[in-house]
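With TSV, C-alpha atoms inside, this is entry-v2.tsv:
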chain	number	residue	atom	x	y	z
A	1	MET	CA	-28.22	-6.53	-6.15
A	2	ILE	CA	-27.34	-6.93	-9.82
A	3	ARG	CA	-30.64	-5.31	-10.86
A	4	PHE	CA	-29.99	-2.38	-8.49
A	5	TYR	CA	-26.56	-1.61	-9.95
A	6	GLN	CA	-27.41	-2.57	-13.51
A	7	SER	CA	-30.44	-0.33	-13.92
A	8	THR	CA	-31.33	1.67	-10.76
A	9	ILE	CA	-28.24	3.57	-9.67
A	10	SER	CA	-25.07	4.82	-11.34
A	11	GLU	CA	-22.25	3.61	-9.10
A	12	ALA	CA	-19.81	5.48	-11.35
A	13	GLU	CA	-21.16	8.77	-9.94
A	14	ARG	CA	-21.68	7.88	-6.29
A	15	LEU	CA	-18.20	8.83	-5.06
A	16	THR	CA	-18.00	12.07	-7.03
A	17	SER	CA	-21.49	13.58	-6.89
A	18	SER	CA	-21.72	14.46	-3.19
A	19	ALA	CA	-19.40	15.74	-0.48
A	20	ASP	CA	-19.73	12.63	1.67
A	21	GLY	CA	-19.04	10.47	-1.40
A	22	LYS	CA	-15.90	12.45	-2.14
A	23	LEU	CA	-14.89	12.12	1.50
A	24	GLU	CA	-15.29	8.34	1.26
A	25	LEU	CA	-13.16	8.21	-1.90
A	26	LEU	CA	-10.42	10.45	-0.56
A	27	ARG	CA	-10.17	8.66	2.77
A	28	THR	CA	-10.21	5.22	1.11
A	29	GLN	CA	-7.36	6.34	-1.11
A	30	GLU	CA	-5.25	7.66	1.73
A	31	LEU	CA	-5.83	4.61	3.92
A	32	LEU	CA	-4.98	2.21	1.10
A	33	ARG	CA	-1.88	4.17	0.12
A	34	ARG	CA	-0.71	3.90	3.71
A	35	PHE	CA	-0.61	0.08	3.49
A	36	LEU	CA	-0.14	-0.77	-0.18
A	37	PRO	CA	3.28	-2.10	-1.18
A	38	ALA	CA	5.14	0.09	-3.63
A	39	PRO	CA	4.26	-0.53	-7.29
A	40	PRO	CA	4.59	-2.38	-9.49
A	41	VAL	CA	2.59	-5.16	-7.83
A	42	ARG	CA	-0.57	-7.03	-8.83
A	43	VAL	CA	-3.91	-5.89	-7.35
A	44	LEU	CA	-7.13	-7.91	-7.61
A	45	ASP	CA	-10.07	-5.54	-7.19
A	46	VAL	CA	-12.96	-7.87	-6.30
A	47	GLY	CA	-16.35	-6.20	-6.58
A	48	GLY	CA	-14.52	-3.24	-8.08
A	49	GLY	CA	-17.63	-1.75	-9.68
A	50	PRO	CA	-17.08	0.62	-12.59
A	51	GLY	CA	-13.39	0.98	-11.77
A	52	THR	CA	-13.38	4.03	-9.52
A	53	HIS	CA	-10.49	2.68	-7.45
A	54	ALA	CA	-8.87	0.80	-10.33
A	55	ARG	CA	-8.44	4.10	-12.17
A	56	TRP	CA	-6.28	5.77	-9.52
A	57	LEU	CA	-4.44	2.55	-8.71
A	58	LEU	CA	-3.43	2.23	-12.35
A	59	ALA	CA	-2.35	5.87	-12.35
A	60	ASP	CA	-0.21	5.11	-9.29
A	61	GLY	CA	1.57	2.36	-11.22
A	62	TYR	CA	-0.23	-0.78	-10.03
A	63	GLU	CA	-1.31	-3.65	-12.26
A	64	VAL	CA	-5.06	-4.10	-11.71
A	65	ARG	CA	-7.44	-6.91	-12.51
A	66	LEU	CA	-11.07	-6.12	-11.68
A	67	VAL	CA	-13.83	-8.64	-11.04
A	68	ASP	CA	-17.49	-7.67	-10.58
A	69	PRO	CA	-20.83	-9.52	-10.89
A	70	VAL	CA	-22.56	-6.59	-12.64
A	71	PRO	CA	-22.06	-6.55	-16.45
A	72	ARG	CA	-22.60	-2.78	-16.60
A	73	HIS	CA	-19.72	-2.25	-14.17
A	74	VAL	CA	-17.41	-4.58	-16.07
A	75	GLU	CA	-18.15	-2.75	-19.31
A	76	GLN	CA	-17.41	0.61	-17.68
A	77	ALA	CA	-14.22	-0.60	-16.03
A	78	GLY	CA	-13.05	-2.18	-19.27
A	79	ARG	CA	-12.90	1.26	-20.86
A	80	ILE	CA	-10.15	2.31	-18.44
A	81	ALA	CA	-6.77	2.02	-20.13
A	82	GLY	CA	-4.79	-0.86	-18.67
A	83	CYS	CA	-7.64	-2.30	-16.59
A	84	GLU	CA	-8.32	-6.01	-17.09
A	85	ALA	CA	-12.01	-6.43	-16.19
A	86	GLY	CA	-14.29	-9.46	-16.15
A	87	VAL	CA	-17.55	-10.73	-14.67
A	88	GLY	CA	-17.01	-12.82	-11.57
A	89	ASP	CA	-18.12	-13.78	-8.06
A	90	ALA	CA	-16.14	-13.02	-4.90
A	91	ARG	CA	-17.04	-16.50	-3.57
A	92	ARG	CA	-15.60	-18.32	-6.60
A	93	LEU	CA	-12.65	-16.48	-8.11
A	94	ASP	CA	-11.24	-17.75	-11.39
A	95	VAL	CA	-7.75	-16.87	-10.23
A	96	ALA	CA	-4.70	-19.03	-9.46
A	97	ASP	CA	-3.50	-19.59	-5.91
A	98	GLY	CA	-1.01	-17.02	-4.63
A	99	SER	CA	-1.12	-14.93	-7.79
A	100	PHE	CA	-1.79	-11.45	-6.36
A	101	ASP	CA	0.01	-9.14	-3.97
A	102	VAL	CA	-3.13	-7.24	-2.93
A	103	VAL	CA	-6.81	-8.15	-2.83
A	104	LEU	CA	-9.45	-5.46	-2.41
A	105	LEU	CA	-12.94	-6.39	-1.18
A	106	LEU	CA	-14.43	-2.90	-1.12
A	107	GLY	CA	-18.00	-4.01	-1.73
A	108	PRO	CA	-18.58	-7.77	-1.55
A	109	LEU	CA	-18.78	-8.23	2.22
A	110	TYR	CA	-21.82	-6.02	2.75
A	111	HIS	CA	-23.48	-7.42	-0.37
A	112	LEU	CA	-23.20	-10.95	1.07
A	113	PRO	CA	-25.76	-11.01	3.87
A	114	GLU	CA	-25.14	-14.67	4.72
A	115	ALA	CA	-22.16	-15.22	7.01
A	116	GLY	CA	-21.18	-18.38	5.11
A	117	ASP	CA	-20.91	-16.42	1.87
A	118	ARG	CA	-18.71	-13.81	3.53
A	119	ARG	CA	-16.48	-16.59	4.84
A	120	ARG	CA	-16.19	-18.05	1.35
A	121	ALA	CA	-15.28	-14.65	-0.12
A	122	LEU	CA	-12.58	-14.14	2.51
A	123	ALA	CA	-11.28	-17.68	2.00
A	124	GLU	CA	-10.98	-16.99	-1.71
A	125	ALA	CA	-9.12	-13.74	-1.03
A	126	LEU	CA	-6.72	-15.64	1.24
A	127	ARG	CA	-6.21	-18.34	-1.40
A	128	VAL	CA	-5.29	-15.99	-4.25
A	129	LEU	CA	-2.94	-13.82	-2.18
A	130	ARG	CA	0.76	-14.55	-2.06
A	131	PRO	CA	2.20	-15.11	1.44
A	132	GLY	CA	2.45	-11.75	3.17
A	133	GLY	CA	-0.02	-10.23	0.73
A	134	LEU	CA	-2.41	-7.46	1.73
A	135	LEU	CA	-6.19	-7.64	2.12
A	136	ALA	CA	-8.31	-4.50	2.33
A	137	ALA	CA	-12.02	-5.16	2.99
A	138	ALA	CA	-14.79	-2.60	3.43
A	139	GLY	CA	-17.98	-2.80	5.44
A	140	ILE	CA	-20.97	-0.51	5.86
A	141	ASN	CA	-21.29	0.53	9.49
A	142	ARG	CA	-24.18	-0.89	11.47
A	143	TYR	CA	-25.18	2.66	12.49
A	144	ALA	CA	-24.90	4.30	9.06
A	145	SER	CA	-28.65	4.25	8.38
A	146	LEU	CA	-29.37	6.10	11.62
A	147	PHE	CA	-26.98	8.92	10.71
A	148	GLU	CA	-28.06	9.03	7.06
A	149	HIS	CA	-31.79	9.21	7.70
A	150	THR	CA	-31.22	11.84	10.37
A	151	ALA	CA	-29.30	13.90	7.80
A	152	TYR	CA	-32.20	13.53	5.39
A	153	ALA	CA	-34.71	14.35	8.19
A	154	HIS	CA	-36.56	11.12	7.33
A	155	LEU	CA	-36.88	9.55	10.77
A	156	GLN	CA	-40.30	11.15	11.28
A	157	ARG	CA	-41.71	9.46	8.16
A	158	ASP	CA	-44.01	6.47	8.35
A	159	GLY	CA	-42.02	3.28	8.23
A	160	VAL	CA	-38.56	4.86	8.16
A	161	ARG	CA	-38.00	4.87	11.91
A	162	GLU	CA	-39.11	1.24	12.09
A	163	SER	CA	-36.84	0.30	9.17
A	164	VAL	CA	-33.81	1.97	10.74
A	165	ALA	CA	-34.59	0.40	14.11
A	166	ASP	CA	-34.67	-3.00	12.42
A	167	VAL	CA	-31.24	-2.41	10.85
A	168	LEU	CA	-29.85	-1.38	14.23
A	169	ALA	CA	-31.26	-4.50	15.89
A	170	THR	CA	-30.44	-7.08	13.21
A	171	GLN	CA	-27.58	-5.53	11.19
A	172	MET	CA	-29.54	-6.48	8.07
A	173	HIS	CA	-30.80	-3.98	5.51
A	174	GLY	CA	-33.83	-5.49	3.87
A	175	GLY	CA	-33.45	-3.77	0.52
A	176	GLU	CA	-36.79	-1.99	0.70
A	177	ARG	CA	-35.52	1.60	0.99
A	178	GLY	CA	-33.06	2.92	-1.56
A	179	PHE	CA	-30.47	0.12	-1.34
A	180	THR	CA	-30.04	-3.59	-1.78
A	181	THR	CA	-30.32	-6.35	0.77
A	182	ALA	CA	-27.09	-6.02	2.76
A	183	TYR	CA	-25.27	-6.83	5.98
A	184	PHE	CA	-24.06	-3.89	8.08
A	185	HIS	CA	-20.98	-4.64	10.21
A	186	SER	CA	-19.89	-3.26	13.52
A	187	ALA	CA	-16.17	-2.55	13.70
A	188	TYR	CA	-15.75	-5.55	15.99
A	189	ASP	CA	-17.62	-7.85	13.58
A	190	LEU	CA	-15.54	-6.80	10.60
A	191	VAL	CA	-12.12	-7.19	12.19
A	192	ARG	CA	-13.21	-10.51	13.77
A	193	GLU	CA	-14.31	-11.89	10.39
A	194	ILE	CA	-10.97	-10.91	8.86
A	195	ALA	CA	-9.01	-12.51	11.70
A	196	ASP	CA	-11.19	-15.63	11.78
A	197	ALA	CA	-10.59	-16.09	8.04
A	198	GLY	CA	-6.89	-16.54	8.76
A	199	PHE	CA	-5.48	-13.07	8.16
A	200	ARG	CA	-2.93	-11.71	10.63
A	201	ASP	CA	-2.48	-8.16	11.96
A	202	ALA	CA	-6.18	-7.39	11.38
A	203	GLU	CA	-7.19	-3.81	12.17
A	204	VAL	CA	-10.10	-1.59	11.24
A	205	PHE	CA	-10.44	2.10	10.41
A	206	GLY	CA	-13.35	4.50	10.14
A	207	VAL	CA	-13.38	5.81	6.59
A	208	GLU	CA	-15.44	9.03	6.65
A	209	GLY	CA	-15.05	9.77	10.35
A	210	PRO	CA	-17.66	11.14	12.76
A	211	THR	CA	-18.91	14.19	10.82
A	212	TRP	CA	-19.77	12.84	7.35
A	213	ALA	CA	-23.50	13.15	8.02
A	214	MET	CA	-23.04	16.87	8.61
A	215	LEU	CA	-21.87	17.19	5.01
A	216	LYS	CA	-24.85	15.18	3.76
A	217	ALA	CA	-27.33	17.20	5.82
A	218	THR	CA	-25.89	20.51	4.65
A	219	GLU	CA	-26.10	19.57	0.98
A	220	GLN	CA	-29.53	18.00	1.39
A	221	HIS	CA	-31.12	21.02	3.03
A	222	THR	CA	-29.32	23.85	1.24
A	223	GLY	CA	-29.01	22.35	-2.23
A	224	ALA	CA	-25.43	23.63	-2.42
A	225	SER	CA	-22.29	21.53	-2.76
A	226	VAL	CA	-19.85	21.76	0.14
A	227	ALA	CA	-17.14	19.59	-1.41
A	228	ASP	CA	-14.78	22.54	-1.89
A	229	THR	CA	-15.51	24.41	1.31
A	230	PRO	CA	-13.91	24.72	4.75
A	231	LEU	CA	-16.68	22.45	6.08
A	232	PHE	CA	-15.41	19.59	3.91
A	233	GLU	CA	-11.83	20.21	5.04
A	234	ALA	CA	-13.01	20.18	8.66
A	235	ALA	CA	-14.80	16.84	8.15
A	236	LEU	CA	-11.69	15.38	6.53
A	237	THR	CA	-9.54	16.59	9.42
A	238	ALA	CA	-12.04	15.12	11.89
A	239	ALA	CA	-11.83	11.72	10.15
A	240	ARG	CA	-8.06	11.74	10.49
A	241	MET	CA	-8.13	12.92	14.10
A	242	ALA	CA	-10.67	10.22	15.04
A	243	GLU	CA	-8.44	7.30	14.01
A	244	PRO	CA	-6.77	6.71	17.41
A	245	TYR	CA	-10.14	6.47	19.19
A	246	PRO	CA	-11.94	3.13	18.66
A	247	GLU	CA	-15.19	4.42	20.16
A	248	LEU	CA	-15.52	6.80	17.20
A	249	LEU	CA	-15.51	3.95	14.68
A	250	ALA	CA	-19.27	3.65	15.21
A	251	ALA	CA	-19.80	7.10	13.68
A	252	SER	CA	-18.29	6.41	10.23
A	253	SER	CA	-20.50	5.39	7.34
A	254	HIS	CA	-17.95	2.86	6.06
A	255	LEU	CA	-15.27	0.79	7.77
A	256	LEU	CA	-12.05	-0.44	6.20
A	257	ALA	CA	-10.30	-3.53	7.57
A	258	ILE	CA	-6.70	-4.40	6.78
A	259	GLY	CA	-5.07	-7.80	7.15
A	260	ARG	CA	-2.21	-9.87	5.75
A	261	LYS	CA	-1.89	-13.45	4.61
A	262	PRO	CA	0.47	-15.27	6.96
A	263	THR	CA	3.93	-16.14	5.74
A	264	PRO	CA	4.94	-19.78	6.26
A	265	PRO	CA	7.62	-20.24	8.93
A	266	GLY	CA	11.18	-20.51	7.70
Encoded form using structure tokens:
Amino acid sequence: MIRFYQSTISEAERLTSSADGKLELLRTQELLRRFLPAPPVRVLDVGGGPGTHARWLLADGYEVRLVDPVPRHVEQAGRIAGCEAGVGDARRLDVADGSFDVVLLLGPLYHLPEAGDRRRALAEALRVLRPGGLLAAAGINRYASLFEHTAYAHLQRDGVRESVADVLATQMHGGERGFTTAYFHSAYDLVREIADAGFRDAEVFGVEGPTWAMLKATEQHTGASVADTPLFEAALTAARMAEPYPELLAASSHLLAIGRKPTPPG
């Protein structure tokens, strides 16, 4: 995983270089802003990458500390004015108990394929949150590979159909095709892991909604950006309209779970 982000892909460009990436960023922002307490409060961005979310959170008035295992990401995030960035591991946070109002896990859970490691990351998030504090945790949808490789028209290629079928059956991405080894959640899995970790009021949202792959397919096969077109606006509207319908969660590329640390009685 570190090699992939350190030298193979530029995570700093992923959410701005394609229409579906921009849709993910915009929807993540609007979902987080719906639940975030008003600034100024302290946000711990665990697995925060090059600071894509830290940048707008800082602009919104939040105090942000970013932790990431990839030195390249930490260096990039450290260039953002006001962002405290350091190398760290979601499973072992060098952070005091109850010292943050918000913890973001917008990458670690799918990069921890072992269930025990995900439990440790969630336990650490619970530990460092103040009572009543907010957790926001992202997952890659179990069905994302099916939609993505259909958009690319890759399912007919040797080995691709078998690889996607394996992801669907096991929820594990083996890291052999364009991504790292990863665990792909269903919506039920993600909200259950959050609740089982001790967070209350756990709920899950589809980030990109049911038509993100249409944006990817259009750009892939026309070579033209659709980020500033009516098609993008329609996909964004569809993502918002899909929220009340749990059966449509399976169509999003990413899922976002929200939970809160319980407040002691009295």
Report the closest atom pair, with its distance in Å rounded to one decimal, for each residue of range 1-88 of chain A that has an atom no farther than 9 Å from range 249-259 of chain A; count only C-alpha atoms, sort by chain and then rising residue number, and write it as a Markdown table.
| residue | atom | partner | partner_atom | distance |
| --- | --- | --- | --- | --- |
| A:Glu24 | CA | A:His254 | CA | 7.8 |
| A:Thr28 | CA | A:Leu256 | CA | 7.8 |
| A:Leu31 | CA | A:Leu256 | CA | 8.3 |
| A:Leu32 | CA | A:Ile258 | CA | 8.9 |
| A:Phe35 | CA | A:Ile258 | CA | 8.2 |
(Q) I want to know what sits within 9 Å of Gln171 in chain A, based on all atoms listed in the file, with residues of the same chain fewer than 3 positions away left out; could you give that as JSON, numbers by chain? (A) {"A": [141, 142, 143, 166, 167, 168, 182, 183, 184, 185, 186]}
Q.
Between A:Gly21, A:Ser10, A:Val95, A:Ser163, which residue has the minimum interatomic distance to Val70 in chain A, considering all atoms listed in the file?
A.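 Closest to Val70 in chain A, using all atoms listed in the file: A:Ser10.
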Q: Find the spatial neighbours of Leu236 in chain A, counting all atoms listed in the file, within a cut-off of 9 Å - ignore same-chain residues fewer than 3 positions away - and output them as an NGL selection string.
A: :A and (23 or 26-27 or 208-209 or 211-212 or 231-233 or 239-241)
Q: Report the distance between CA of Arg92 in chain A and CA of Arg120 in chain A in Å, rounded to one decimal place.
A: 8.0 Å
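Remark: residues at most 9 Å from position (-18.8, -4.1, -14.0) in file coordinates are Gln6, Gly47, Gly48, Gly49, Pro50, Gly51, Leu66, Val67, Asp68, Pro69, Val70, Pro71, Arg72, His73, Val74, Glu75, Gln76, Ala77, Gly78, Ala85, Gly86 and Val87 of chain A, using all atoms listed in the file.
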For the selection just defined, write its residues with C-alpha atoms to a file, as a PDB file, keeping the file's coordinate frame.
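Generated output (out.pdb):
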ATOM      1  CA  GLN A   6     -27.410  -2.570 -13.510  1.00  0.00           C
ATOM      2  CA  GLY A  47     -16.350  -6.200  -6.580  1.00  0.00           C
ATOM      3  CA  GLY A  48     -14.520  -3.240  -8.080  1.00  0.00           C
ATOM      4  CA  GLY A  49     -17.630  -1.750  -9.680  1.00  0.00           C
ATOM      5  CA  PRO A  50     -17.080   0.620 -12.590  1.00  0.00           C
ATOM      6  CA  GLY A  51     -13.390   0.980 -11.770  1.00  0.00           C
ATOM      7  CA  LEU A  66     -11.070  -6.120 -11.680  1.00  0.00           C
ATOM      8  CA  VAL A  67     -13.830  -8.640 -11.040  1.00  0.00           C
ATOM      9  CA  ASP A  68     -17.490  -7.670 -10.580  1.00  0.00           C
ATOM     10  CA  PRO A  69     -20.830  -9.520 -10.890  1.00  0.00           C
ATOM     11  CA  VAL A  70     -22.560  -6.590 -12.640  1.00  0.00           C
ATOM     12  CA  PRO A  71     -22.060  -6.550 -16.450  1.00  0.00           C
ATOM     13  CA  ARG A  72     -22.600  -2.780 -16.600  1.00  0.00           C
ATOM     14  CA  HIS A  73     -19.720  -2.250 -14.170  1.00  0.00           C
ATOM     15  CA  VAL A  74     -17.410  -4.580 -16.070  1.00  0.00           C
ATOM     16  CA  GLU A  75     -18.150  -2.750 -19.310  1.00  0.00           C
ATOM     17  CA  GLN A  76     -17.410   0.610 -17.680  1.00  0.00           C
ATOM     18  CA  ALA A  77     -14.220  -0.600 -16.030  1.00  0.00           C
ATOM     19  CA  GLY A  78     -13.050  -2.180 -19.270  1.00  0.00           C
ATOM     20  CA  ALA A  85     -12.010  -6.430 -16.190  1.00  0.00           C
ATOM     21  CA  GLY A  86     -14.290  -9.460 -16.150  1.00  0.00           C
ATOM     22  CA  VAL A  87     -17.550 -10.730 -14.670  1.00  0.00           C
TER      23      VAL A  87
END
Q: Rounded to one decimal place, report the CA of Thr16 in chain A-CA of Glu219 in chain A distance in Å.
A: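 For CA of Thr16 in chain A relative to CA of Glu219 in chain A, the distance reads 13.6 Å.
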Q | Ref. answer, residues at most 12 Å from (2.8, -2.0, 3.2) with all atoms listed in the file, as an NGL selection string | A | :A and (31-39 or 41 or 101-102 or 132-136 or 201 or 258-260)
